[in-house]
Amino acid sequence: MKFSLRILLIIGVLFASACASRKSGSASQGSITQEELVRRTQELNDSVAGGDQGPWKKYFADDGMYFDEKGRNMNKEALVADITGLPAGSSGTIKVEKAQSHIEGSVAILSYELDETEIVEGQVEKARYHETDTWLRRNGEWKIVAGQVLRYYEDPAAGEVDARRFADYVGTYELAPGKRLVISRDGKELFRQRGDAPKVELIPEAEGIFFRKGVEGRILFRRERGKVSALIDRRNNEDVVWKKVG
């Protein structure tokens, strides 16, 4: 009887050890969970401020592709080299939020938001991104084979300008025959209107530079010989020029 109990005890210990080993190795050798993907992703982002390239070397496949918010297409070598840390006088954090995943077989897709805070000599800067990574299990290891980052657009801060100069901008501007827009003023506010469309406020960023809420780009006014001669609709560093005709 004692011998049988001893055998059962040994079998139980071996079984428990095997289960623990299987559980600890599941992320690298078998399936992976969203929780584990998020943990690894947070580890990657925690390493950015200090310039720790280790996690990026560990979790990115040698043949991985990465497309960042600046439009750069980088391989693993270029991506790792880009992790250099923040300059002296700066600190920051990047938090992984609102993760979603699709995991099937040897492929896992993780999509999430990044909330970045950077402090530069005591001044706080914030930015938000959306990233999607594709993880692939090969040779028992899960690594990122593709990643893409997009930056959320945010309006610039409104600036203080002399509203008395808005009168110079008021008038009719023409892009081509029959295509006109009108700039009007209501007290200390300036508006843009095309045809029968509703008026849209032009918010000043600096003298002669305006933006529309929620719209990427800038509206500028060109002066010639001291008078406003054109409105410039600038998007993606390209200009559409409307000549002032009235």
# chains A, B, ... in the order shown; residues from 1 in each chain; ligands from 1

$ residues_around --residues "Lys227 in chain A" --least-positions-apart "4" --cutoff "10 Å" --atoms "only C-alpha atoms" --output "MDAnalysis selection string"
chainID A and resid 168:169 221:223

$ residues_around --residues "range 110-118 of chain A" --least-positions-apart "4" --cutoff "6 Å" --atoms "only C-alpha atoms" --output "PyMOL selection string"
chain A and resi 91-101+124-133

$ write_last_selection --atoms "C-alpha atoms" --output "CSV table (one decimal), in the first residue's frame"
chain,number,residue,atom,x,y,z
A,91,SER,CA,11.3,62.1,-20.0
A,92,GLY,CA,8.2,60.4,-21.1
A,93,THR,CA,5.8,57.4,-21.0
A,94,ILE,CA,3.8,55.6,-23.6
A,95,LYS,CA,0.7,53.6,-22.4
A,96,VAL,CA,-1.0,50.8,-24.4
A,97,GLU,CA,-4.8,51.3,-24.3
A,98,LYS,CA,-8.0,49.9,-25.8
A,99,ALA,CA,-6.4,46.8,-27.2
A,100,GLN,CA,-8.3,44.5,-29.6
A,101,SER,CA,-7.1,41.2,-31.0
A,124,VAL,CA,4.3,68.7,-21.1
A,125,GLU,CA,3.6,67.4,-24.7
A,126,LYS,CA,1.0,64.8,-25.5
A,127,ALA,CA,0.2,62.7,-28.6
A,128,ARG,CA,-2.0,59.8,-29.4
A,129,TYR,CA,-1.5,57.0,-32.0
A,130,HIS,CA,-3.1,53.9,-33.3
A,131,GLU,CA,-1.0,50.9,-34.0
A,132,THR,CA,-1.7,47.5,-35.5
A,133,ASP,CA,0.9,44.6,-35.2

$ closest_atom_pairs --of "range 122-208 of chain A" --to "range 71-75 of chain A" --cutoff "12 Å" --atoms "only C-alpha atoms" --output "Markdown table"
| residue | atom | partner | partner_atom | distance |
| --- | --- | --- | --- | --- |
| A:Ile144 | CA | A:Asn75 | CA | 11.5 |
| A:Val145 | CA | A:Asn75 | CA | 9.8 |
| A:Ala146 | CA | A:Asn75 | CA | 9.5 |
| A:Gly147 | CA | A:Met74 | CA | 9.9 |
| A:Gln148 | CA | A:Asn73 | CA | 9.3 |
| A:Val149 | CA | A:Gly71 | CA | 8.8 |
| A:Leu150 | CA | A:Gly71 | CA | 9.0 |
| A:Arg151 | CA | A:Gly71 | CA | 10.5 |

$ closest_residue --among "A:Gly226, A:Gly50, A:Gly64, A:Gly187" --to "Lys143 in chain A" --atoms "only C-alpha atoms"
A:Gly64

$ select_by_dssp --residues "chain A" --states "alpha helix (DSSP H)" --output "VMD selection string"
chain A and resid 2 to 29 34 to 46 54 to 59 76 to 81 166 to 169

$ atom_distance --atom1 "CA of Glu205 in chain A" --atom2 "CA of Ile219 in chain A"
9.8 Å

$ closest_atom_pairs --of "range 83-170 of chain A" --to "range 210-216 of chain A" --cutoff "10 Å" --atoms "only C-alpha atoms" --output "tab-separated table"
residue	atom	partner	partner_atom	distance
A:Tyr153	CA	A:Glu216	CA	7.1
A:Glu154	CA	A:Gly214	CA	7.2
A:Asp155	CA	A:Gly214	CA	6.3
A:Pro156	CA	A:Phe211	CA	8.1
A:Ala157	CA	A:Phe211	CA	9.9
A:Ala158	CA	A:Phe210	CA	8.7
A:Gly159	CA	A:Phe210	CA	9.2

$ atom_distance --atom1 "CA of Gly208 in chain A" --atom2 "CA of Val240 in chain A"
16.1 Å

$ closest_residue --among "A:Ala78, A:Phe166, A:Ile83, A:Val200" --to "Asn45 in chain A" --atoms "only C-alpha atoms"
A:Ile83
